[in-house]
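Okay, data_10.csv is below, CSV, C-alpha atoms (C1' of nucleotides):
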```
chain,number,residue,atom,x,y,z
A,1,MET,CA,4.2,-6.8,6.2
A,2,PRO,CA,1.8,-4.3,4.6
A,3,GLY,CA,-1.6,-5.4,5.9
A,4,PRO,CA,-2.6,-7.0,9.1
A,5,ASN,CA,-3.9,-10.4,8.0
A,6,LYS,CA,-1.9,-10.0,4.8
A,7,LEU,CA,-3.2,-12.7,2.5
A,8,ARG,CA,-6.9,-12.3,1.6
A,9,ASN,CA,-6.6,-15.4,-0.7
A,10,THR,CA,-9.6,-14.6,-2.8
A,11,GLY,CA,-8.1,-15.7,-6.1
A,12,CYS,CA,-8.5,-12.1,-7.4
A,13,PRO,CA,-5.2,-11.1,-9.1
A,14,VAL,CA,-5.7,-7.5,-7.9
A,15,THR,CA,-6.0,-8.5,-4.3
A,16,PHE,CA,-3.0,-10.8,-4.6
A,17,ALA,CA,-0.9,-8.1,-6.0
A,18,LEU,CA,-2.0,-5.7,-3.2
A,19,ASP,CA,-1.3,-8.2,-0.5
A,20,THR,CA,2.2,-8.7,-1.9
A,21,PHE,CA,3.4,-5.1,-2.5
A,22,GLY,CA,0.3,-2.9,-1.8
A,23,ASP,CA,1.7,-0.8,1.0
A,24,ARG,CA,3.4,2.6,1.3
A,25,TRP,CA,7.0,1.5,0.8
A,26,SER,CA,7.4,-1.8,-1.1
A,27,LEU,CA,7.0,-0.2,-4.5
A,28,VAL,CA,9.3,2.7,-3.5
A,29,ILE,CA,12.0,0.2,-2.8
A,30,ILE,CA,11.4,-1.6,-6.1
A,31,ARG,CA,11.4,1.8,-7.9
A,32,ASP,CA,14.8,2.5,-6.3
A,33,MET,CA,16.2,-0.8,-7.6
A,34,LEU,CA,14.6,-0.7,-11.0
A,35,MET,CA,15.0,3.0,-11.9
A,36,LYS,CA,17.8,4.2,-9.7
A,37,GLY,CA,19.9,1.0,-9.6
A,38,CYS,CA,20.0,0.9,-5.8
A,39,ARG,CA,21.3,-2.4,-4.4
A,40,THR,CA,22.4,-1.9,-0.7
A,41,TYR,CA,20.7,-1.1,2.5
A,42,GLY,CA,22.5,2.2,2.8
A,43,GLU,CA,21.5,3.2,-0.8
A,44,PHE,CA,17.8,2.6,0.0
A,45,LEU,CA,18.1,4.7,3.2
A,46,GLU,CA,19.5,7.6,1.3
A,47,SER,CA,17.3,7.3,-1.7
A,48,SER,CA,13.9,6.3,-0.3
A,49,GLU,CA,12.2,9.3,1.1
A,50,ARG,CA,12.7,9.1,4.9
A,51,ILE,CA,11.9,5.4,5.2
A,52,ALA,CA,12.6,4.2,8.8
A,53,THR,CA,15.3,1.6,9.2
A,54,ASN,CA,13.1,-1.0,10.7
A,55,VAL,CA,10.5,-0.5,8.0
A,56,LEU,CA,13.2,-0.9,5.4
A,57,ALA,CA,14.5,-4.1,7.0
A,58,ASP,CA,11.0,-5.5,7.3
A,59,ARG,CA,10.1,-4.7,3.6
A,60,LEU,CA,13.3,-6.2,2.3
A,61,GLN,CA,12.6,-9.4,4.2
A,62,ALA,CA,9.0,-9.5,3.0
A,63,LEU,CA,10.1,-8.8,-0.6
A,64,GLU,CA,12.6,-11.6,-0.4
A,65,ALA,CA,10.0,-14.0,1.1
A,66,SER,CA,7.7,-13.1,-1.9
A,67,GLY,CA,10.5,-13.9,-4.3
A,68,ILE,CA,10.6,-10.4,-5.7
A,69,ILE,CA,14.2,-9.7,-4.6
A,70,THR,CA,17.2,-11.8,-3.5
A,71,LYS,CA,20.0,-11.2,-1.0
A,72,SER,CA,23.6,-12.0,-1.7
A,73,GLN,CA,27.1,-11.1,-0.5
A,74,ASP,CA,28.9,-8.4,-2.4
A,75,PRO,CA,32.0,-10.2,-3.9
A,76,GLU,CA,34.0,-6.9,-3.6
A,77,ASN,CA,33.2,-6.3,0.0
A,78,ARG,CA,32.2,-9.3,2.1
A,79,ARG,CA,30.6,-7.3,4.8
A,80,ARG,CA,28.1,-5.8,2.4
A,81,VAL,CA,24.9,-7.4,1.2
A,82,LEU,CA,23.5,-6.8,-2.2
A,83,TYR,CA,19.8,-6.9,-3.0
A,84,ARG,CA,18.7,-7.7,-6.5
A,85,LEU,CA,15.5,-7.9,-8.3
A,86,THR,CA,14.4,-11.4,-9.5
A,87,PRO,CA,12.6,-11.8,-12.8
A,88,LYS,CA,9.4,-11.7,-10.8
A,89,GLY,CA,10.5,-8.3,-9.4
A,90,ILE,CA,11.6,-7.0,-12.8
A,91,ASP,CA,8.1,-7.9,-14.1
A,92,LEU,CA,6.7,-5.1,-11.8
A,93,ALA,CA,8.2,-2.5,-14.2
A,94,PRO,CA,5.0,-2.1,-16.2
A,95,VAL,CA,3.0,-1.5,-13.0
A,96,LEU,CA,5.3,1.2,-11.9
A,97,LEU,CA,5.3,2.8,-15.4
A,98,GLU,CA,1.5,2.8,-15.6
A,99,MET,CA,1.5,4.5,-12.2
A,100,ALA,CA,4.0,7.0,-13.4
A,101,LEU,CA,1.9,7.7,-16.5
A,102,TRP,CA,-1.2,8.2,-14.3
A,103,SER,CA,0.5,10.6,-12.0
A,104,GLY,CA,2.1,12.4,-14.9
A,105,LYS,CA,-1.4,13.0,-16.4
A,106,HIS,CA,-3.2,13.9,-13.2
A,107,ASP,CA,-0.7,15.5,-10.9
A,108,PRO,CA,0.4,19.0,-11.9
A,109,ASN,CA,3.4,18.6,-9.5
A,110,THR,CA,4.8,15.7,-11.5
A,111,ALA,CA,4.9,17.6,-14.8
A,112,ALA,CA,8.6,18.3,-14.4
A,113,GLN,CA,9.7,14.9,-15.6
A,114,LYS,CA,7.9,15.1,-18.9
A,115,ASP,CA,10.6,13.7,-21.0
A,116,PHE,CA,10.6,10.5,-18.9
A,117,LEU,CA,6.9,10.2,-19.3
A,118,ASP,CA,7.2,10.7,-23.0
A,119,ARG,CA,9.7,7.9,-23.2
A,120,ILE,CA,7.3,5.6,-21.3
A,121,GLU,CA,4.7,6.1,-24.0
A,122,ASN,CA,7.0,6.1,-27.0
A,123,ASP,CA,9.5,3.5,-26.0
A,124,ARG,CA,8.0,1.5,-23.2
A,125,ASP,CA,9.4,-1.9,-24.2
A,126,GLY,CA,12.9,-0.4,-24.6
A,127,LEU,CA,12.6,1.2,-21.2
A,128,VAL,CA,11.6,-2.1,-19.6
A,129,GLU,CA,14.4,-3.8,-21.4
A,130,ALA,CA,16.9,-1.3,-20.1
A,131,PHE,CA,15.7,-1.8,-16.6
A,132,ARG,CA,15.9,-5.6,-17.0
A,133,ALA,CA,19.4,-5.3,-18.4
A,134,ARG,CA,20.7,-3.3,-15.5
A,135,ALA,CA,19.0,-5.5,-12.9
A,136,MET,CA,20.6,-8.6,-14.4
A,137,GLU,CA,24.0,-7.0,-14.5
A,138,ARG,CA,26.7,-9.2,-12.9
A,139,ASP,CA,24.0,-11.5,-11.8
A,140,GLN,CA,25.2,-15.0,-10.9
A,141,THR,CA,28.7,-14.2,-12.1
A,142,GLY,CA,30.2,-11.8,-9.6
B,1,MET,CA,-6.1,7.9,4.4
B,2,PRO,CA,-3.5,5.4,3.4
B,3,GLY,CA,-0.2,6.6,4.9
B,4,PRO,CA,0.4,8.6,8.1
B,5,ASN,CA,1.8,11.8,6.7
B,6,LYS,CA,0.2,11.0,3.4
B,7,LEU,CA,1.8,13.3,1.0
B,8,ARG,CA,5.6,12.9,0.6
B,9,ASN,CA,5.6,15.5,-2.1
B,10,THR,CA,8.9,14.5,-3.7
B,11,GLY,CA,7.7,15.1,-7.2
B,12,CYS,CA,8.2,11.4,-8.0
B,13,PRO,CA,5.2,10.1,-9.9
B,14,VAL,CA,5.5,6.7,-8.2
B,15,THR,CA,5.4,8.3,-4.8
B,16,PHE,CA,2.5,10.5,-5.7
B,17,ALA,CA,0.5,7.5,-7.0
B,18,LEU,CA,1.2,5.5,-3.8
B,19,ASP,CA,0.2,8.4,-1.6
B,20,THR,CA,-3.1,8.7,-3.5
B,21,PHE,CA,-4.2,5.1,-3.7
B,22,GLY,CA,-1.3,3.0,-2.4
B,23,ASP,CA,-3.0,1.3,0.5
B,24,ARG,CA,-4.7,-2.1,1.1
B,25,TRP,CA,-8.2,-1.1,0.0
B,26,SER,CA,-8.4,1.9,-2.4
B,27,LEU,CA,-7.6,-0.2,-5.5
B,28,VAL,CA,-10.0,-2.9,-4.3
B,29,ILE,CA,-12.8,-0.4,-4.3
B,30,ILE,CA,-11.7,0.9,-7.7
B,31,ARG,CA,-11.6,-2.6,-9.0
B,32,ASP,CA,-15.2,-3.2,-7.8
B,33,MET,CA,-16.3,0.0,-9.7
B,34,LEU,CA,-14.3,-0.6,-12.8
B,35,MET,CA,-14.6,-4.4,-13.2
B,36,LYS,CA,-17.7,-5.3,-11.3
B,37,GLY,CA,-19.7,-2.2,-11.9
B,38,CYS,CA,-20.3,-1.6,-8.2
B,39,ARG,CA,-21.8,1.8,-7.4
B,40,THR,CA,-23.3,1.8,-3.9
B,41,TYR,CA,-22.1,1.5,-0.4
B,42,GLY,CA,-23.9,-1.8,0.1
B,43,GLU,CA,-22.4,-3.2,-3.1
B,44,PHE,CA,-18.9,-2.4,-2.0
B,45,LEU,CA,-19.6,-4.1,1.4
B,46,GLU,CA,-20.8,-7.3,-0.3
B,47,SER,CA,-18.2,-7.3,-3.0
B,48,SER,CA,-15.0,-6.1,-1.3
B,49,GLU,CA,-13.5,-8.9,0.8
B,50,ARG,CA,-14.5,-8.1,4.3
B,51,ILE,CA,-13.8,-4.4,4.2
B,52,ALA,CA,-14.8,-2.7,7.5
B,53,THR,CA,-17.6,-0.2,7.2
B,54,ASN,CA,-15.5,2.7,8.6
B,55,VAL,CA,-12.6,1.9,6.3
B,56,LEU,CA,-15.0,1.9,3.4
B,57,ALA,CA,-16.5,5.2,4.4
B,58,ASP,CA,-13.0,6.6,4.9
B,59,ARG,CA,-11.7,5.4,1.5
B,60,LEU,CA,-14.7,6.7,-0.4
B,61,GLN,CA,-14.2,10.1,1.2
B,62,ALA,CA,-10.5,10.0,0.4
B,63,LEU,CA,-11.1,8.9,-3.2
B,64,GLU,CA,-13.7,11.6,-3.7
B,65,ALA,CA,-11.2,14.2,-2.2
B,66,SER,CA,-8.6,13.0,-4.7
B,67,GLY,CA,-11.0,13.4,-7.6
B,68,ILE,CA,-11.0,9.8,-8.4
B,69,ILE,CA,-14.7,9.2,-7.7
B,70,THR,CA,-17.8,11.4,-7.3
B,71,LYS,CA,-20.9,11.1,-5.1
B,72,SER,CA,-24.4,11.7,-6.4
B,73,GLN,CA,-28.0,10.9,-5.5
B,74,ASP,CA,-29.6,7.9,-7.2
B,75,PRO,CA,-32.5,9.3,-9.3
B,76,GLU,CA,-34.5,6.1,-8.8
B,77,ASN,CA,-34.1,6.0,-5.0
B,78,ARG,CA,-33.5,9.3,-3.3
B,79,ARG,CA,-32.1,7.7,-0.2
B,80,ARG,CA,-29.4,5.9,-2.1
B,81,VAL,CA,-26.0,7.5,-3.1
B,82,LEU,CA,-24.3,6.5,-6.3
B,83,TYR,CA,-20.5,6.5,-6.4
B,84,ARG,CA,-18.9,6.8,-9.9
B,85,LEU,CA,-15.5,6.9,-11.3
B,86,THR,CA,-14.3,10.2,-12.8
B,87,PRO,CA,-12.1,10.1,-15.9
B,88,LYS,CA,-9.1,10.4,-13.5
B,89,GLY,CA,-10.4,7.2,-11.8
B,90,ILE,CA,-11.1,5.4,-15.0
B,91,ASP,CA,-7.5,6.1,-16.0
B,92,LEU,CA,-6.4,3.7,-13.3
B,93,ALA,CA,-7.6,0.8,-15.4
B,94,PRO,CA,-4.1,0.2,-17.0
B,95,VAL,CA,-2.5,0.1,-13.5
B,96,LEU,CA,-5.1,-2.5,-12.4
B,97,LEU,CA,-4.6,-4.5,-15.5
B,98,GLU,CA,-0.8,-4.6,-15.2
B,99,MET,CA,-1.2,-5.7,-11.6
B,100,ALA,CA,-3.6,-8.5,-12.8
B,101,LEU,CA,-1.1,-9.6,-15.4
B,102,TRP,CA,1.7,-9.7,-12.9
B,103,SER,CA,-0.4,-11.8,-10.5
B,104,GLY,CA,-1.5,-14.0,-13.3
B,105,LYS,CA,2.0,-14.7,-14.3
B,106,HIS,CA,3.5,-15.2,-10.8
B,107,ASP,CA,0.7,-16.4,-8.6
B,108,PRO,CA,-0.3,-20.1,-9.2
B,109,ASN,CA,-3.6,-19.4,-7.3
B,110,THR,CA,-4.7,-16.9,-9.8
B,111,ALA,CA,-4.5,-19.2,-12.8
B,112,ALA,CA,-8.2,-19.8,-12.7
B,113,GLN,CA,-9.1,-16.6,-14.6
B,114,LYS,CA,-6.8,-17.3,-17.5
B,115,ASP,CA,-9.3,-16.2,-20.2
B,116,PHE,CA,-9.5,-12.8,-18.6
B,117,LEU,CA,-5.7,-12.5,-18.5
B,118,ASP,CA,-5.5,-13.5,-22.1
B,119,ARG,CA,-8.0,-10.8,-23.0
B,120,ILE,CA,-5.8,-8.2,-21.2
B,121,GLU,CA,-2.9,-9.1,-23.4
B,122,ASN,CA,-4.9,-9.5,-26.7
B,123,ASP,CA,-7.5,-6.8,-26.3
B,124,ARG,CA,-6.2,-4.4,-23.7
B,125,ASP,CA,-7.5,-1.2,-25.3
B,126,GLY,CA,-10.9,-2.8,-26.0
B,127,LEU,CA,-11.1,-3.9,-22.3
B,128,VAL,CA,-10.2,-0.4,-21.1
B,129,GLU,CA,-12.8,1.0,-23.4
B,130,ALA,CA,-15.5,-1.3,-22.1
B,131,PHE,CA,-14.7,-0.3,-18.6
B,132,ARG,CA,-14.9,3.3,-19.6
B,133,ALA,CA,-18.2,2.9,-21.3
B,134,ARG,CA,-19.8,1.3,-18.3
B,135,ALA,CA,-18.4,3.8,-15.9
B,136,MET,CA,-19.8,6.6,-18.0
B,137,GLU,CA,-23.2,5.0,-18.3
B,138,ARG,CA,-26.1,7.3,-17.4
B,139,ASP,CA,-23.5,9.9,-16.3
B,140,GLN,CA,-24.8,13.4,-16.1
B,141,THR,CA,-28.1,12.4,-17.6
B,142,GLY,CA,-30.0,10.2,-15.0
C,1,DA,C1',-46.4,5.9,14.4
C,2,DT,C1',-43.6,1.9,13.2
C,3,DT,C1',-40.3,-0.4,10.8
C,4,DA,C1',-36.5,-0.9,7.7
C,5,DT,C1',-32.6,0.6,5.0
C,6,DC,C1',-28.7,3.4,4.1
C,7,DA,C1',-24.5,5.7,5.0
C,8,DC,C1',-22.0,6.5,8.1
C,9,DT,C1',-20.1,7.4,13.3
C,10,DT,C1',-18.3,5.9,17.6
C,11,DG,C1',-15.9,2.9,20.7
C,12,DT,C1',-12.5,-0.6,21.7
C,13,DC,C1',-8.7,-3.3,20.9
C,14,DT,C1',-4.9,-4.7,18.0
C,15,DT,C1',-1.4,-3.8,14.6
C,16,DT,C1',1.7,-0.9,12.2
C,17,DC,C1',4.4,3.3,11.8
C,18,DA,C1',8.3,6.5,12.6
C,19,DC,C1',12.0,7.8,15.1
C,20,DA,C1',15.9,6.8,18.2
C,21,DA,C1',19.0,4.0,20.2
C,22,DG,C1',21.3,-0.4,20.7
C,23,DT,C1',23.3,-5.0,19.0
C,24,DG,C1',26.4,-8.3,16.8
C,25,DG,C1',29.3,-9.4,12.9
C,26,DC,C1',32.9,-8.3,10.0
C,27,DT,C1',37.1,-5.6,8.4
C,28,DA,C1',40.8,-2.4,8.4
C,29,DT,C1',44.2,-0.4,11.2
C,30,DT,C1',47.6,-0.4,14.8
D,1,DA,C1',46.0,-9.2,19.4
D,2,DA,C1',43.4,-5.2,20.5
D,3,DT,C1',40.8,-1.4,18.9
D,4,DA,C1',37.9,1.3,16.2
D,5,DG,C1',34.4,1.7,12.7
D,6,DC,C1',31.0,0.4,9.4
D,7,DC,C1',27.0,-2.3,8.1
D,8,DA,C1',22.7,-4.4,8.5
D,9,DC,C1',19.7,-5.0,11.2
D,10,DT,C1',17.0,-5.3,16.1
D,11,DT,C1',14.7,-3.4,19.9
D,12,DG,C1',12.0,0.0,22.5
D,13,DT,C1',8.6,3.7,22.7
D,14,DG,C1',4.7,6.7,21.6
D,15,DA,C1',1.6,7.9,18.0
D,16,DA,C1',-1.2,6.7,14.2
D,17,DA,C1',-4.0,3.5,11.5
D,18,DG,C1',-6.2,-0.9,11.3
D,19,DA,C1',-10.2,-4.3,12.2
D,20,DC,C1',-14.5,-5.4,14.2
D,21,DA,C1',-18.9,-4.5,16.7
D,22,DA,C1',-22.4,-1.6,17.9
D,23,DG,C1',-24.9,2.7,17.6
D,24,DT,C1',-26.8,7.0,15.1
D,25,DG,C1',-29.6,10.1,12.3
D,26,DA,C1',-31.9,10.8,7.9
D,27,DT,C1',-35.1,9.1,4.8
D,28,DA,C1',-38.9,6.2,3.0
D,29,DA,C1',-42.2,2.7,2.7
D,30,DT,C1',-46.2,0.7,5.5
```
Could you spell out this file's structure in structure tokens?
Amino acid sequence: MPGPNKLRNTGCPVTFALDTFGDRWSLVIIRDMLMKGCRTYGEFLESSERIATNVLADRLQALEASGIITKSQDPENRRRVLYRLTPKGIDLAPVLLEMALWSGKHDPNTAAQKDFLDRIENDRDGLVEAFRARAMERDQTG
Amino acid sequence: MPGPNKLRNTGCPVTFALDTFGDRWSLVIIRDMLMKGCRTYGEFLESSERIATNVLADRLQALEASGIITKSQDPENRRRVLYRLTPKGIDLAPVLLEMALWSGKHDPNTAAQKDFLDRIENDRDGLVEAFRARAMERDQTG
DNA sequence: ATTATCACTTGTCTTTCACAAGTGGCTATT
DNA sequence: AATAGCCACTTGTGAAAGACAAGTGATAAT
């Protein structure tokens, strides 16, 4: 859980969003799922920058409780769990993209990935759709 | 400061953004400035939902250090300090608006402010421009 | 000089964080 | 059937950050 009391329950949409995923790691995990296609505990550990195992386990639970991700058994390997974004989670793509645009504009260190930033501005909807398509892949069927 | 080690320095724009304002309070303060026009320490204390004084002081310092806000003396009351958004801070408007849209779509409790959410979708650029105009008000001149 | 406001600062206690190590369930191998 | 190994956590520990209450120094009006 990000904050201490967690829900401020003010009715403010900004506050609600922050109480749901406004911590240091939740959006990093969602980025890994959305942009890198990560789906397993091990993939998150490798991809996410030095996230502690207990923090990862805690965030995955919290994101599932919030309805942003779901857990399911991997049909190809029964001892493996697959985490997937729900539509609610996929809808966070625009938030991540706006954050990326902001960093691209104001952080000199982020300049490297300029072609990606250009695509956000020129083909935003296409990008979001590509994320959605991959996230939905083999959903409900495998 | 939001996180412990703060800067993860991975070059990832999402990580950079989270390291800069990805905590429970920074975006609430920026929301108050951008959407409610708050400019003074006292206004933040009243408006922000129960933010502790030391946390507020800390975040204001951190946001100033990040170049997102500036401090200046109020010309009408010399013992009062005015906090203002810089262009870098104003550029966070789209992030806040996307978060608001997400909450509006997925939080039943946020439904109340539907007309505002409609305006985000129908007149996003106008809304951002209005925020910018107010944030710039009397800047450099008073 | 007194009083009040503002913008913090300090102190205390609670919660969260990161890192390391341990646990139970499942599977493949022998 | 027994063993070994991987996976997905869970637990333990010390450090850091959090909330809340109270105090401080600078300024300004009275």
Closest atom pairs, residues of chain B within 7 Å of chain C, all atoms listed in the file, as JSON lines:
```
{"residue": "B:Ala57", "atom": "CA", "partner": "C:DC8", "partner_atom": "C1'", "distance": 6.8}
{"residue": "B:Arg79", "atom": "CA", "partner": "C:DC6", "partner_atom": "C1'", "distance": 7.0}
{"residue": "B:Arg80", "atom": "CA", "partner": "C:DC6", "partner_atom": "C1'", "distance": 6.7}
```
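Pairwise distance (CA of Val95 (chain A), CA of Asp23 (chain A)) equals 14.1 Å.
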Practice item. Select residues of chain D: the criterion is any atom within 8 Å of an atom of chain B, counting only C-alpha atoms (C1' of nucleotides); output as a VMD selection string. Key: chain D and resid 16 to 17 19 to 20 27 to 28
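Comparing A:Glu137, A:Asp91, A:Asp32, A:Glu121 by their smallest distance to chain B, the closest is A:Asp91 (using all atoms listed in the file).
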Using all atoms listed in the file, find each residue of chain B with at least one atom at most 9 Å away from an atom of chain A; report its shortest atom-to-atom pair and that distance in Å (one decimal), sort the rows by chain and rising residue number, and return the result as CSV.
```
residue,atom,partner,partner_atom,distance
B:Pro2,CA,A:Arg24,CA,7.7
B:Gly3,CA,A:Arg24,CA,6.5
B:Arg8,CA,A:Glu49,CA,7.5
B:Asn9,CA,A:Asn109,CA,8.3
B:Thr10,CA,A:Glu49,CA,7.8
B:Gly11,CA,A:Thr110,CA,5.2
B:Cys12,CA,A:Thr110,CA,6.5
B:Pro13,CA,A:Ala100,CA,4.8
B:Val14,CA,A:Ala100,CA,5.4
B:Thr15,CA,A:Val28,CA,6.9
B:Phe16,CA,A:Ser103,CA,6.6
B:Ala17,CA,A:Ser103,CA,5.9
B:Leu18,CA,A:Arg24,CA,6.3
B:Asp19,CA,A:Arg24,CA,7.2
B:Gly22,CA,A:Asp23,CA,5.9
B:Asp23,CA,A:Asp23,CA,5.2
B:Arg24,CA,A:Gly22,CA,5.8
B:Trp25,CA,A:Leu18,CA,8.4
B:Leu27,CA,A:Val14,CA,7.9
B:Val28,CA,A:Thr15,CA,6.9
B:Arg31,CA,A:Val14,CA,7.7
B:Glu49,CA,A:Arg8,CA,7.5
B:Lys88,CA,A:His106,CA,6.9
B:Asp91,CA,A:Trp102,CA,6.9
B:Leu92,CA,A:Trp102,CA,6.9
B:Pro94,CA,A:Glu98,CA,6.3
B:Val95,CA,A:Glu98,CA,5.3
B:Leu96,CA,A:Val14,CA,6.8
B:Leu97,CA,A:Val14,CA,8.2
B:Glu98,CA,A:Val95,CA,5.4
B:Met99,CA,A:Val14,CA,6.1
B:Ala100,CA,A:Pro13,CA,4.8
B:Leu101,CA,A:Pro13,CA,7.7
B:Trp102,CA,A:Asp91,CA,6.8
B:Ser103,CA,A:Pro13,CA,5.0
B:Gly104,CA,A:Pro13,CA,6.3
B:Lys105,CA,A:Lys88,CA,8.7
B:His106,CA,A:Lys88,CA,6.9
B:Asp107,CA,A:Phe16,CA,7.8
B:Asn109,CA,A:Gly11,CA,5.9
B:Thr110,CA,A:Gly11,CA,5.2
B:Ala111,CA,A:Gly11,CA,8.4
B:Ala112,CA,A:Gly11,CA,7.8
B:Gln113,CA,A:Cys12,CA,8.5
```
Exercise for review: Report the distance between CA of Arg134 (chain A) and CA of Asn122 (chain A) in Å, rounded to one decimal place.
Suggested key: 20.2 Å
